[in-house]
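Novice: Have a peek at model16.txt (compact mmCIF, N, CA and C atoms).
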# COMPACT_ATOMS: atom_id res chain seq x y z
N MET A 277 -14.69 9.34 -28.11
CA MET A 277 -14.75 10.19 -29.27
C MET A 277 -16.11 10.87 -29.26
N THR A 278 -16.12 12.15 -29.56
CA THR A 278 -17.38 12.89 -29.61
C THR A 278 -17.76 13.13 -31.06
N THR A 279 -19.05 13.25 -31.28
CA THR A 279 -19.52 13.55 -32.62
C THR A 279 -20.23 14.89 -32.59
N ALA A 280 -19.89 15.74 -33.52
CA ALA A 280 -20.51 17.05 -33.60
C ALA A 280 -21.88 16.92 -34.25
N THR A 281 -22.77 17.80 -33.85
CA THR A 281 -24.10 17.83 -34.46
C THR A 281 -24.01 18.54 -35.80
N ASN A 282 -24.57 17.93 -36.81
CA ASN A 282 -24.55 18.53 -38.13
C ASN A 282 -25.59 19.64 -38.22
N PRO A 283 -25.31 20.72 -38.95
CA PRO A 283 -26.28 21.79 -39.10
C PRO A 283 -27.46 21.33 -39.94
N PRO A 284 -28.59 22.02 -39.83
CA PRO A 284 -29.75 21.65 -40.65
C PRO A 284 -29.38 21.69 -42.13
N ARG A 285 -29.90 20.76 -42.88
CA ARG A 285 -29.55 20.67 -44.29
C ARG A 285 -30.74 21.08 -45.16
N THR A 286 -30.43 21.71 -46.24
CA THR A 286 -31.44 22.06 -47.23
C THR A 286 -31.02 21.39 -48.54
N PRO A 287 -31.91 21.34 -49.51
CA PRO A 287 -31.53 20.69 -50.78
C PRO A 287 -30.31 21.33 -51.44
N ASN A 288 -30.05 22.60 -51.17
CA ASN A 288 -28.92 23.28 -51.81
C ASN A 288 -27.66 23.28 -50.95
N THR A 289 -27.70 22.67 -49.77
CA THR A 289 -26.54 22.64 -48.89
C THR A 289 -25.58 21.55 -49.36
N PRO A 290 -24.35 21.93 -49.73
CA PRO A 290 -23.41 20.90 -50.18
C PRO A 290 -22.95 20.03 -49.01
N ASP A 291 -22.57 18.79 -49.31
CA ASP A 291 -22.10 17.85 -48.29
C ASP A 291 -20.88 18.37 -47.55
N ILE A 292 -20.06 19.18 -48.19
CA ILE A 292 -18.84 19.65 -47.56
C ILE A 292 -19.13 20.50 -46.33
N VAL A 293 -20.27 21.18 -46.28
CA VAL A 293 -20.60 22.01 -45.13
C VAL A 293 -20.64 21.17 -43.87
N SER A 294 -21.28 20.01 -43.91
CA SER A 294 -21.34 19.16 -42.73
C SER A 294 -19.97 18.59 -42.39
N SER A 295 -19.07 18.47 -43.33
CA SER A 295 -17.73 17.96 -43.07
C SER A 295 -16.93 18.88 -42.15
N PHE A 296 -17.20 20.17 -42.19
CA PHE A 296 -16.47 21.11 -41.34
C PHE A 296 -16.76 20.88 -39.87
N ASP A 297 -17.93 20.37 -39.56
CA ASP A 297 -18.31 20.12 -38.18
C ASP A 297 -17.96 18.72 -37.71
N ASP A 298 -17.46 17.89 -38.58
CA ASP A 298 -17.19 16.49 -38.28
C ASP A 298 -15.76 16.33 -37.77
N ASP A 299 -15.61 15.92 -36.49
CA ASP A 299 -14.29 15.72 -35.90
C ASP A 299 -13.49 14.62 -36.58
N ASP A 300 -14.17 13.72 -37.28
CA ASP A 300 -13.49 12.60 -37.92
C ASP A 300 -13.22 12.81 -39.41
N TYR A 301 -13.60 13.97 -39.92
CA TYR A 301 -13.37 14.25 -41.34
C TYR A 301 -11.88 14.51 -41.58
N PRO A 302 -11.24 13.78 -42.50
CA PRO A 302 -9.80 13.92 -42.73
C PRO A 302 -9.47 15.17 -43.56
N ALA A 303 -9.46 16.31 -42.90
CA ALA A 303 -9.35 17.59 -43.60
C ALA A 303 -7.92 18.13 -43.72
N TYR A 304 -6.99 17.59 -42.96
CA TYR A 304 -5.67 18.21 -42.87
C TYR A 304 -4.58 17.35 -43.50
N THR A 305 -3.77 18.00 -44.32
CA THR A 305 -2.63 17.33 -44.93
C THR A 305 -1.55 17.10 -43.88
N MET A 306 -0.59 16.29 -44.22
CA MET A 306 0.52 15.99 -43.31
C MET A 306 1.21 17.27 -42.85
N GLY A 307 1.55 18.15 -43.78
CA GLY A 307 2.24 19.39 -43.43
C GLY A 307 1.42 20.28 -42.53
N ARG A 308 0.15 20.42 -42.86
CA ARG A 308 -0.75 21.26 -42.04
C ARG A 308 -0.94 20.64 -40.67
N ALA A 309 -1.10 19.33 -40.60
CA ALA A 309 -1.27 18.63 -39.32
C ALA A 309 -0.03 18.81 -38.44
N ALA A 310 1.13 18.69 -39.04
CA ALA A 310 2.38 18.87 -38.27
C ALA A 310 2.48 20.30 -37.74
N ALA A 311 2.14 21.27 -38.56
CA ALA A 311 2.19 22.67 -38.13
C ALA A 311 1.19 22.93 -37.01
N MET A 312 -0.01 22.39 -37.13
CA MET A 312 -1.05 22.63 -36.14
C MET A 312 -0.73 21.98 -34.79
N THR A 313 -0.03 20.86 -34.82
CA THR A 313 0.28 20.15 -33.58
C THR A 313 1.65 20.50 -33.02
N GLY A 314 2.40 21.29 -33.76
CA GLY A 314 3.74 21.65 -33.30
C GLY A 314 4.71 20.48 -33.34
N THR A 315 4.48 19.58 -34.29
CA THR A 315 5.35 18.41 -34.42
C THR A 315 5.95 18.40 -35.82
N THR A 316 6.52 17.28 -36.17
CA THR A 316 7.07 17.11 -37.51
C THR A 316 6.29 16.02 -38.24
N ALA A 317 6.47 15.96 -39.55
CA ALA A 317 5.84 14.90 -40.33
C ALA A 317 6.34 13.54 -39.85
N GLY A 318 7.60 13.45 -39.50
CA GLY A 318 8.17 12.20 -38.99
C GLY A 318 7.51 11.73 -37.70
N PHE A 319 7.22 12.68 -36.83
CA PHE A 319 6.53 12.36 -35.57
C PHE A 319 5.15 11.78 -35.87
N LEU A 320 4.42 12.41 -36.78
CA LEU A 320 3.09 11.91 -37.14
C LEU A 320 3.17 10.54 -37.79
N ARG A 321 4.18 10.31 -38.63
CA ARG A 321 4.35 8.99 -39.25
C ARG A 321 4.62 7.95 -38.16
N THR A 322 5.43 8.31 -37.16
CA THR A 322 5.73 7.38 -36.07
C THR A 322 4.48 7.03 -35.29
N LEU A 323 3.60 8.01 -35.05
CA LEU A 323 2.35 7.72 -34.36
C LEU A 323 1.53 6.71 -35.16
N GLY A 324 1.57 6.84 -36.47
CA GLY A 324 0.89 5.87 -37.33
C GLY A 324 1.54 4.50 -37.25
N ASP A 325 2.86 4.47 -37.27
CA ASP A 325 3.60 3.20 -37.18
C ASP A 325 3.32 2.50 -35.85
N GLN A 326 3.12 3.28 -34.79
CA GLN A 326 2.84 2.73 -33.46
C GLN A 326 1.38 2.31 -33.30
N GLY A 327 0.54 2.63 -34.29
CA GLY A 327 -0.85 2.24 -34.25
C GLY A 327 -1.73 3.19 -33.44
N LEU A 328 -1.20 4.36 -33.11
CA LEU A 328 -1.98 5.31 -32.32
C LEU A 328 -3.03 6.01 -33.17
N ILE A 329 -2.62 6.47 -34.34
CA ILE A 329 -3.56 7.09 -35.28
C ILE A 329 -3.34 6.48 -36.65
N THR A 330 -4.42 6.38 -37.41
CA THR A 330 -4.34 5.86 -38.76
C THR A 330 -4.97 6.89 -39.69
N PRO A 331 -4.14 7.72 -40.30
CA PRO A 331 -4.72 8.74 -41.19
C PRO A 331 -5.33 8.09 -42.42
N LEU A 332 -6.35 8.73 -42.95
CA LEU A 332 -6.91 8.28 -44.21
C LEU A 332 -5.97 8.69 -45.32
N ARG A 333 -6.11 8.06 -46.45
CA ARG A 333 -5.27 8.39 -47.61
C ARG A 333 -6.12 9.04 -48.69
N SER A 334 -5.58 10.07 -49.30
CA SER A 334 -6.26 10.70 -50.43
C SER A 334 -6.14 9.79 -51.64
N ASP A 335 -6.81 10.13 -52.71
CA ASP A 335 -6.72 9.34 -53.93
C ASP A 335 -5.28 9.24 -54.42
N GLY A 336 -4.49 10.26 -54.13
CA GLY A 336 -3.08 10.26 -54.52
C GLY A 336 -2.16 9.58 -53.52
N GLY A 337 -2.73 9.05 -52.43
CA GLY A 337 -1.94 8.33 -51.44
C GLY A 337 -1.39 9.20 -50.31
N HIS A 338 -1.76 10.47 -50.28
CA HIS A 338 -1.27 11.36 -49.23
C HIS A 338 -2.07 11.18 -47.95
N ARG A 339 -1.38 11.28 -46.81
CA ARG A 339 -2.05 11.16 -45.52
C ARG A 339 -2.93 12.37 -45.25
N ARG A 340 -4.11 12.11 -44.70
CA ARG A 340 -5.05 13.16 -44.32
C ARG A 340 -5.50 12.90 -42.88
N TYR A 341 -5.45 13.92 -42.04
CA TYR A 341 -5.74 13.79 -40.62
C TYR A 341 -7.02 14.53 -40.24
N SER A 342 -7.71 14.00 -39.25
CA SER A 342 -8.91 14.63 -38.72
C SER A 342 -8.56 15.45 -37.48
N ARG A 343 -9.49 16.28 -37.04
CA ARG A 343 -9.27 17.05 -35.80
C ARG A 343 -9.11 16.11 -34.62
N TYR A 344 -9.89 15.05 -34.58
CA TYR A 344 -9.77 14.07 -33.50
C TYR A 344 -8.35 13.48 -33.46
N GLN A 345 -7.82 13.11 -34.61
CA GLN A 345 -6.46 12.57 -34.67
C GLN A 345 -5.42 13.61 -34.26
N LEU A 346 -5.66 14.87 -34.59
CA LEU A 346 -4.73 15.91 -34.20
C LEU A 346 -4.71 16.09 -32.68
N ARG A 347 -5.87 15.95 -32.05
CA ARG A 347 -5.90 16.04 -30.57
C ARG A 347 -5.10 14.90 -29.95
N ILE A 348 -5.22 13.71 -30.52
CA ILE A 348 -4.45 12.57 -30.03
C ILE A 348 -2.96 12.82 -30.23
N ALA A 349 -2.59 13.34 -31.39
CA ALA A 349 -1.17 13.63 -31.67
C ALA A 349 -0.64 14.67 -30.69
N MET A 350 -1.45 15.66 -30.34
CA MET A 350 -1.01 16.68 -29.39
C MET A 350 -0.84 16.09 -27.99
N ARG A 351 -1.70 15.14 -27.62
CA ARG A 351 -1.55 14.46 -26.34
C ARG A 351 -0.25 13.67 -26.32
N ALA A 352 0.06 12.99 -27.41
CA ALA A 352 1.32 12.24 -27.51
C ALA A 352 2.51 13.19 -27.43
N ARG A 353 2.42 14.32 -28.13
CA ARG A 353 3.50 15.31 -28.10
C ARG A 353 3.72 15.81 -26.68
N ASP A 354 2.64 16.07 -25.94
CA ASP A 354 2.76 16.53 -24.55
C ASP A 354 3.48 15.50 -23.70
N LEU A 355 3.14 14.22 -23.85
CA LEU A 355 3.81 13.18 -23.07
C LEU A 355 5.29 13.08 -23.44
N VAL A 356 5.59 13.15 -24.73
CA VAL A 356 6.98 13.09 -25.17
C VAL A 356 7.75 14.30 -24.65
N ASP A 357 7.12 15.47 -24.68
CA ASP A 357 7.76 16.68 -24.16
C ASP A 357 8.06 16.57 -22.67
N GLN A 358 7.29 15.75 -21.95
CA GLN A 358 7.51 15.54 -20.52
C GLN A 358 8.55 14.46 -20.25
N GLY A 359 9.10 13.88 -21.31
CA GLY A 359 10.17 12.90 -21.15
C GLY A 359 9.76 11.46 -21.37
N THR A 360 8.54 11.22 -21.76
CA THR A 360 8.07 9.85 -22.01
C THR A 360 8.52 9.42 -23.41
N ALA A 361 9.02 8.21 -23.51
CA ALA A 361 9.41 7.67 -24.82
C ALA A 361 8.17 7.60 -25.70
N ILE A 362 8.37 7.80 -26.99
CA ILE A 362 7.22 7.88 -27.91
C ILE A 362 6.42 6.58 -27.93
N ASP A 363 7.08 5.42 -27.88
CA ASP A 363 6.33 4.16 -27.88
C ASP A 363 5.53 4.02 -26.59
N ALA A 364 6.09 4.46 -25.47
CA ALA A 364 5.37 4.42 -24.20
C ALA A 364 4.21 5.42 -24.20
N ALA A 365 4.41 6.58 -24.78
CA ALA A 365 3.35 7.59 -24.87
C ALA A 365 2.17 7.04 -25.67
N CYS A 366 2.47 6.37 -26.77
CA CYS A 366 1.41 5.79 -27.59
C CYS A 366 0.65 4.73 -26.80
N ARG A 367 1.38 3.90 -26.10
CA ARG A 367 0.73 2.84 -25.30
C ARG A 367 -0.13 3.44 -24.20
N ILE A 368 0.35 4.49 -23.54
CA ILE A 368 -0.42 5.16 -22.49
C ILE A 368 -1.74 5.68 -23.05
N ILE A 369 -1.67 6.33 -24.18
CA ILE A 369 -2.88 6.91 -24.77
C ILE A 369 -3.86 5.81 -25.19
N ILE A 370 -3.35 4.73 -25.75
CA ILE A 370 -4.21 3.61 -26.14
C ILE A 370 -4.89 3.03 -24.90
N LEU A 371 -4.13 2.84 -23.82
CA LEU A 371 -4.71 2.30 -22.59
C LEU A 371 -5.72 3.26 -21.96
N GLU A 372 -5.43 4.55 -22.01
CA GLU A 372 -6.39 5.54 -21.50
C GLU A 372 -7.70 5.46 -22.28
N ASP A 373 -7.59 5.32 -23.58
CA ASP A 373 -8.78 5.24 -24.43
C ASP A 373 -9.57 3.97 -24.12
N GLN A 374 -8.87 2.86 -23.94
CA GLN A 374 -9.54 1.60 -23.61
C GLN A 374 -10.23 1.69 -22.25
N LEU A 375 -9.58 2.33 -21.28
CA LEU A 375 -10.18 2.50 -19.96
C LEU A 375 -11.43 3.36 -20.03
N GLU A 376 -11.34 4.46 -20.77
CA GLU A 376 -12.50 5.34 -20.93
C GLU A 376 -13.68 4.60 -21.55
N GLU A 377 -13.42 3.79 -22.55
CA GLU A 377 -14.47 3.02 -23.19
C GLU A 377 -15.05 1.98 -22.24
N ALA A 378 -14.20 1.30 -21.48
CA ALA A 378 -14.68 0.30 -20.52
C ALA A 378 -15.54 0.96 -19.44
N LEU A 379 -15.14 2.12 -18.95
CA LEU A 379 -15.93 2.84 -17.95
C LEU A 379 -17.28 3.27 -18.53
N ARG A 380 -17.28 3.70 -19.78
CA ARG A 380 -18.52 4.10 -20.43
C ARG A 380 -19.47 2.91 -20.56
N ILE A 381 -18.94 1.77 -20.97
CA ILE A 381 -19.76 0.56 -21.10
C ILE A 381 -20.28 0.12 -19.74
N ASN A 382 -19.42 0.16 -18.74
CA ASN A 382 -19.81 -0.22 -17.38
C ASN A 382 -20.94 0.66 -16.88
N GLU A 383 -20.82 1.95 -17.09
CA GLU A 383 -21.86 2.88 -16.67
C GLU A 383 -23.17 2.61 -17.40
N GLN A 384 -23.09 2.32 -18.69
CA GLN A 384 -24.29 2.01 -19.46
C GLN A 384 -24.95 0.74 -18.95
N LEU A 385 -24.15 -0.28 -18.64
CA LEU A 385 -24.70 -1.52 -18.12
C LEU A 385 -25.37 -1.31 -16.75
N ARG A 386 -24.75 -0.49 -15.92
CA ARG A 386 -25.36 -0.16 -14.61
C ARG A 386 -26.68 0.57 -14.82
N HIS A 387 -26.69 1.49 -15.74
CA HIS A 387 -27.91 2.26 -16.01
C HIS A 387 -29.02 1.34 -16.52
N ASP A 388 -28.67 0.44 -17.44
CA ASP A 388 -29.66 -0.48 -18.00
C ASP A 388 -30.18 -1.47 -16.95
N ALA A 389 -29.33 -1.88 -16.02
CA ALA A 389 -29.71 -2.86 -15.00
C ALA A 389 -30.49 -2.20 -13.85
N GLY A 390 -30.27 -0.93 -13.64
CA GLY A 390 -30.85 -0.24 -12.48
C GLY A 390 -32.17 0.33 -12.73
What would the structure in this file look like if it were written as structure tokens?
Specialist:
Amino acid sequence: MTTATNPPRTPNTPDIVSSFDDDDYPAYTMGRAAAMTGTTAGFLRTLGDQGLITPLRSDGGHRRYSRYQLRIAMRARDLVDQGTAIDAACRIIILEDQLEEALRINEQLRHDAG
């Protein structure tokens, strides 16, 4: 996961400005997220049920998605479009993420030891 650099802040800069640059900020409603990813609300709910993404909930209980989560949903959609079952697609993405993290940790340990 990448983190965007926040713009310089002044006393009059509202907190919401930095939220626009935050990949993890839950800015998108279920309907908007489905439209942006070319999927359906049901597909996004299934990704949540499979443990691939966990949207935040608004005060009213509505699901809210971040840009990072939308990228993951689009990756899942691509795998499903290629014929992969949705549960298998979710597992593939989870394993890819775990591998990426393990490689990052391994590289850091090599760097620290070397």
Novice: For atom N of Glu377 (chain A) and atom C of Ala365 (chain A), quote the distance in Å rounded to one decimal.
Specialist: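 Value for the atom N of Glu377 (chain A)-atom C of Ala365 (chain A) distance: 16.2 Å.
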Novice: Using all atoms listed in the file, determine which residues lie at most 8 Å from Gly314 (chain A), disregarding the query and same-chain residues fewer than 4 positions distant; provide the list as an mmCIF file with N, CA and C atoms, in the frame of the given file.
Specialist:
data_model
loop_
_atom_site.group_PDB
_atom_site.id
_atom_site.type_symbol
_atom_site.label_atom_id
_atom_site.label_comp_id
_atom_site.auth_asym_id
_atom_site.auth_seq_id
_atom_site.Cartn_x
_atom_site.Cartn_y
_atom_site.Cartn_z
ATOM 1 N N ARG A 308 0.150 20.420 -42.860
ATOM 2 C CA ARG A 308 -0.750 21.260 -42.040
ATOM 3 C C ARG A 308 -0.940 20.640 -40.670
ATOM 4 N N ALA A 309 -1.100 19.330 -40.600
ATOM 5 C CA ALA A 309 -1.270 18.630 -39.320
ATOM 6 C C ALA A 309 -0.030 18.810 -38.440
ATOM 7 N N ALA A 310 1.130 18.690 -39.040
ATOM 8 C CA ALA A 310 2.380 18.870 -38.270
ATOM 9 C C ALA A 310 2.480 20.300 -37.740
ATOM 10 N N ALA A 349 -2.590 13.340 -31.390
ATOM 11 C CA ALA A 349 -1.170 13.630 -31.670
ATOM 12 C C ALA A 349 -0.640 14.670 -30.690
ATOM 13 N N MET A 350 -1.450 15.660 -30.340
ATOM 14 C CA MET A 350 -1.010 16.680 -29.390
ATOM 15 C C MET A 350 -0.840 16.090 -27.990
ATOM 16 N N ARG A 353 2.420 14.320 -28.130
ATOM 17 C CA ARG A 353 3.500 15.310 -28.100
ATOM 18 C C ARG A 353 3.720 15.810 -26.680
#
Novice: What's the separation between atom N of Ile370 (chain A) and atom C of Ser342 (chain A), in Å to one decimal place?
Specialist: 16.7 Å
Novice: I need the residue nearest Gly307 (chain A) from this list: A:Gly324, A:Arg347, A:Ala352, A:Arg339. Use all atoms listed in the file for the distance.
Specialist: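 Among the listed residues, the smallest separation from Gly307 (chain A) belongs to A:Arg339.
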Novice: Residues near Arg343 (chain A), anyone? I mean within 8 Å using all atoms listed in the file, not counting same-chain ones fewer than 5 positions away, as a VMD selection string.
Specialist: chain A and resid 298 to 304 348 to 349
Novice: DSSP on the backbone, then: every residue of chain A marked alpha helix (DSSP H), written as a PyMOL selection string.
Specialist: chain A and resi 291-296+306-313+317-325+343-357+362-389
Novice: Could I get region 319-340 of chain A rebuilt with N, CA, C and O atoms, written as a PDB file, keeping the file's coordinate frame?
Specialist:
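Now in result07.pdb:
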ATOM      1  N   PHE A 319       7.220  12.680 -36.830  1.00  0.00           N
ATOM      2  CA  PHE A 319       6.530  12.360 -35.570  1.00  0.00           C
ATOM      3  C   PHE A 319       5.150  11.780 -35.870  1.00  0.00           C
ATOM      4  O   PHE A 319       4.766  10.758 -35.304  1.00  0.00           O
ATOM      5  N   LEU A 320       4.420  12.410 -36.780  1.00  0.00           N
ATOM      6  CA  LEU A 320       3.090  11.910 -37.140  1.00  0.00           C
ATOM      7  C   LEU A 320       3.170  10.540 -37.790  1.00  0.00           C
ATOM      8  O   LEU A 320       2.337   9.668 -37.513  1.00  0.00           O
ATOM      9  N   ARG A 321       4.180  10.310 -38.630  1.00  0.00           N
ATOM     10  CA  ARG A 321       4.350   8.990 -39.250  1.00  0.00           C
ATOM     11  C   ARG A 321       4.620   7.950 -38.160  1.00  0.00           C
ATOM     12  O   ARG A 321       4.109   6.826 -38.213  1.00  0.00           O
ATOM     13  N   THR A 322       5.430   8.310 -37.160  1.00  0.00           N
ATOM     14  CA  THR A 322       5.730   7.380 -36.070  1.00  0.00           C
ATOM     15  C   THR A 322       4.480   7.030 -35.290  1.00  0.00           C
ATOM     16  O   THR A 322       4.289   5.876 -34.904  1.00  0.00           O
ATOM     17  N   LEU A 323       3.600   8.010 -35.050  1.00  0.00           N
ATOM     18  CA  LEU A 323       2.350   7.720 -34.360  1.00  0.00           C
ATOM     19  C   LEU A 323       1.530   6.710 -35.160  1.00  0.00           C
ATOM     20  O   LEU A 323       0.882   5.833 -34.576  1.00  0.00           O
ATOM     21  N   GLY A 324       1.570   6.840 -36.470  1.00  0.00           N
ATOM     22  CA  GLY A 324       0.890   5.870 -37.330  1.00  0.00           C
ATOM     23  C   GLY A 324       1.540   4.500 -37.250  1.00  0.00           C
ATOM     24  O   GLY A 324       0.857   3.484 -37.156  1.00  0.00           O
ATOM     25  N   ASP A 325       2.860   4.470 -37.270  1.00  0.00           N
ATOM     26  CA  ASP A 325       3.600   3.200 -37.180  1.00  0.00           C
ATOM     27  C   ASP A 325       3.320   2.500 -35.850  1.00  0.00           C
ATOM     28  O   ASP A 325       3.296   1.275 -35.789  1.00  0.00           O
ATOM     29  N   GLN A 326       3.120   3.280 -34.790  1.00  0.00           N
ATOM     30  CA  GLN A 326       2.840   2.730 -33.460  1.00  0.00           C
ATOM     31  C   GLN A 326       1.380   2.310 -33.300  1.00  0.00           C
ATOM     32  O   GLN A 326       0.995   1.736 -32.293  1.00  0.00           O
ATOM     33  N   GLY A 327       0.540   2.630 -34.290  1.00  0.00           N
ATOM     34  CA  GLY A 327      -0.850   2.240 -34.250  1.00  0.00           C
ATOM     35  C   GLY A 327      -1.730   3.190 -33.440  1.00  0.00           C
ATOM     36  O   GLY A 327      -2.872   2.861 -33.132  1.00  0.00           O
ATOM     37  N   LEU A 328      -1.200   4.360 -33.110  1.00  0.00           N
ATOM     38  CA  LEU A 328      -1.980   5.310 -32.320  1.00  0.00           C
ATOM     39  C   LEU A 328      -3.030   6.010 -33.170  1.00  0.00           C
ATOM     40  O   LEU A 328      -4.180   6.143 -32.777  1.00  0.00           O
ATOM     41  N   ILE A 329      -2.620   6.470 -34.340  1.00  0.00           N
ATOM     42  CA  ILE A 329      -3.560   7.090 -35.280  1.00  0.00           C
ATOM     43  C   ILE A 329      -3.340   6.480 -36.650  1.00  0.00           C
ATOM     44  O   ILE A 329      -2.228   6.099 -37.000  1.00  0.00           O
ATOM     45  N   THR A 330      -4.420   6.380 -37.410  1.00  0.00           N
ATOM     46  CA  THR A 330      -4.340   5.860 -38.760  1.00  0.00           C
ATOM     47  C   THR A 330      -4.970   6.890 -39.690  1.00  0.00           C
ATOM     48  O   THR A 330      -6.194   6.941 -39.811  1.00  0.00           O
ATOM     49  N   PRO A 331      -4.140   7.720 -40.300  1.00  0.00           N
ATOM     50  CA  PRO A 331      -4.720   8.740 -41.190  1.00  0.00           C
ATOM     51  C   PRO A 331      -5.330   8.090 -42.420  1.00  0.00           C
ATOM     52  O   PRO A 331      -4.903   7.017 -42.851  1.00  0.00           O
ATOM     53  N   LEU A 332      -6.350   8.730 -42.950  1.00  0.00           N
ATOM     54  CA  LEU A 332      -6.910   8.280 -44.210  1.00  0.00           C
ATOM     55  C   LEU A 332      -5.970   8.690 -45.320  1.00  0.00           C
ATOM     56  O   LEU A 332      -5.121   9.561 -45.140  1.00  0.00           O
ATOM     57  N   ARG A 333      -6.110   8.060 -46.450  1.00  0.00           N
ATOM     58  CA  ARG A 333      -5.270   8.390 -47.610  1.00  0.00           C
ATOM     59  C   ARG A 333      -6.120   9.040 -48.690  1.00  0.00           C
ATOM     60  O   ARG A 333      -7.225   8.589 -48.970  1.00  0.00           O
ATOM     61  N   SER A 334      -5.580  10.070 -49.300  1.00  0.00           N
ATOM     62  CA  SER A 334      -6.260  10.700 -50.430  1.00  0.00           C
ATOM     63  C   SER A 334      -6.140   9.790 -51.640  1.00  0.00           C
ATOM     64  O   SER A 334      -5.418   8.782 -51.598  1.00  0.00           O
ATOM     65  N   ASP A 335      -6.810  10.130 -52.710  1.00  0.00           N
ATOM     66  CA  ASP A 335      -6.720   9.340 -53.930  1.00  0.00           C
ATOM     67  C   ASP A 335      -5.280   9.240 -54.420  1.00  0.00           C
ATOM     68  O   ASP A 335      -4.880   8.242 -54.999  1.00  0.00           O
ATOM     69  N   GLY A 336      -4.490  10.260 -54.130  1.00  0.00           N
ATOM     70  CA  GLY A 336      -3.080  10.260 -54.520  1.00  0.00           C
ATOM     71  C   GLY A 336      -2.160   9.580 -53.520  1.00  0.00           C
ATOM     72  O   GLY A 336      -0.956   9.540 -53.712  1.00  0.00           O
ATOM     73  N   GLY A 337      -2.730   9.050 -52.430  1.00  0.00           N
ATOM     74  CA  GLY A 337      -1.940   8.330 -51.440  1.00  0.00           C
ATOM     75  C   GLY A 337      -1.390   9.200 -50.310  1.00  0.00           C
ATOM     76  O   GLY A 337      -0.648   8.714 -49.465  1.00  0.00           O
ATOM     77  N   HIS A 338      -1.760  10.470 -50.280  1.00  0.00           N
ATOM     78  CA  HIS A 338      -1.270  11.360 -49.230  1.00  0.00           C
ATOM     79  C   HIS A 338      -2.070  11.180 -47.950  1.00  0.00           C
ATOM     80  O   HIS A 338      -3.275  10.965 -47.986  1.00  0.00           O
ATOM     81  N   ARG A 339      -1.380  11.280 -46.810  1.00  0.00           N
ATOM     82  CA  ARG A 339      -2.050  11.160 -45.520  1.00  0.00           C
ATOM     83  C   ARG A 339      -2.930  12.370 -45.250  1.00  0.00           C
ATOM     84  O   ARG A 339      -2.525  13.496 -45.497  1.00  0.00           O
ATOM     85  N   ARG A 340      -4.110  12.110 -44.700  1.00  0.00           N
ATOM     86  CA  ARG A 340      -5.050  13.160 -44.320  1.00  0.00           C
ATOM     87  C   ARG A 340      -5.500  12.900 -42.880  1.00  0.00           C
ATOM     88  O   ARG A 340      -5.888  11.781 -42.541  1.00  0.00           O
TER      89      ARG A 340
END
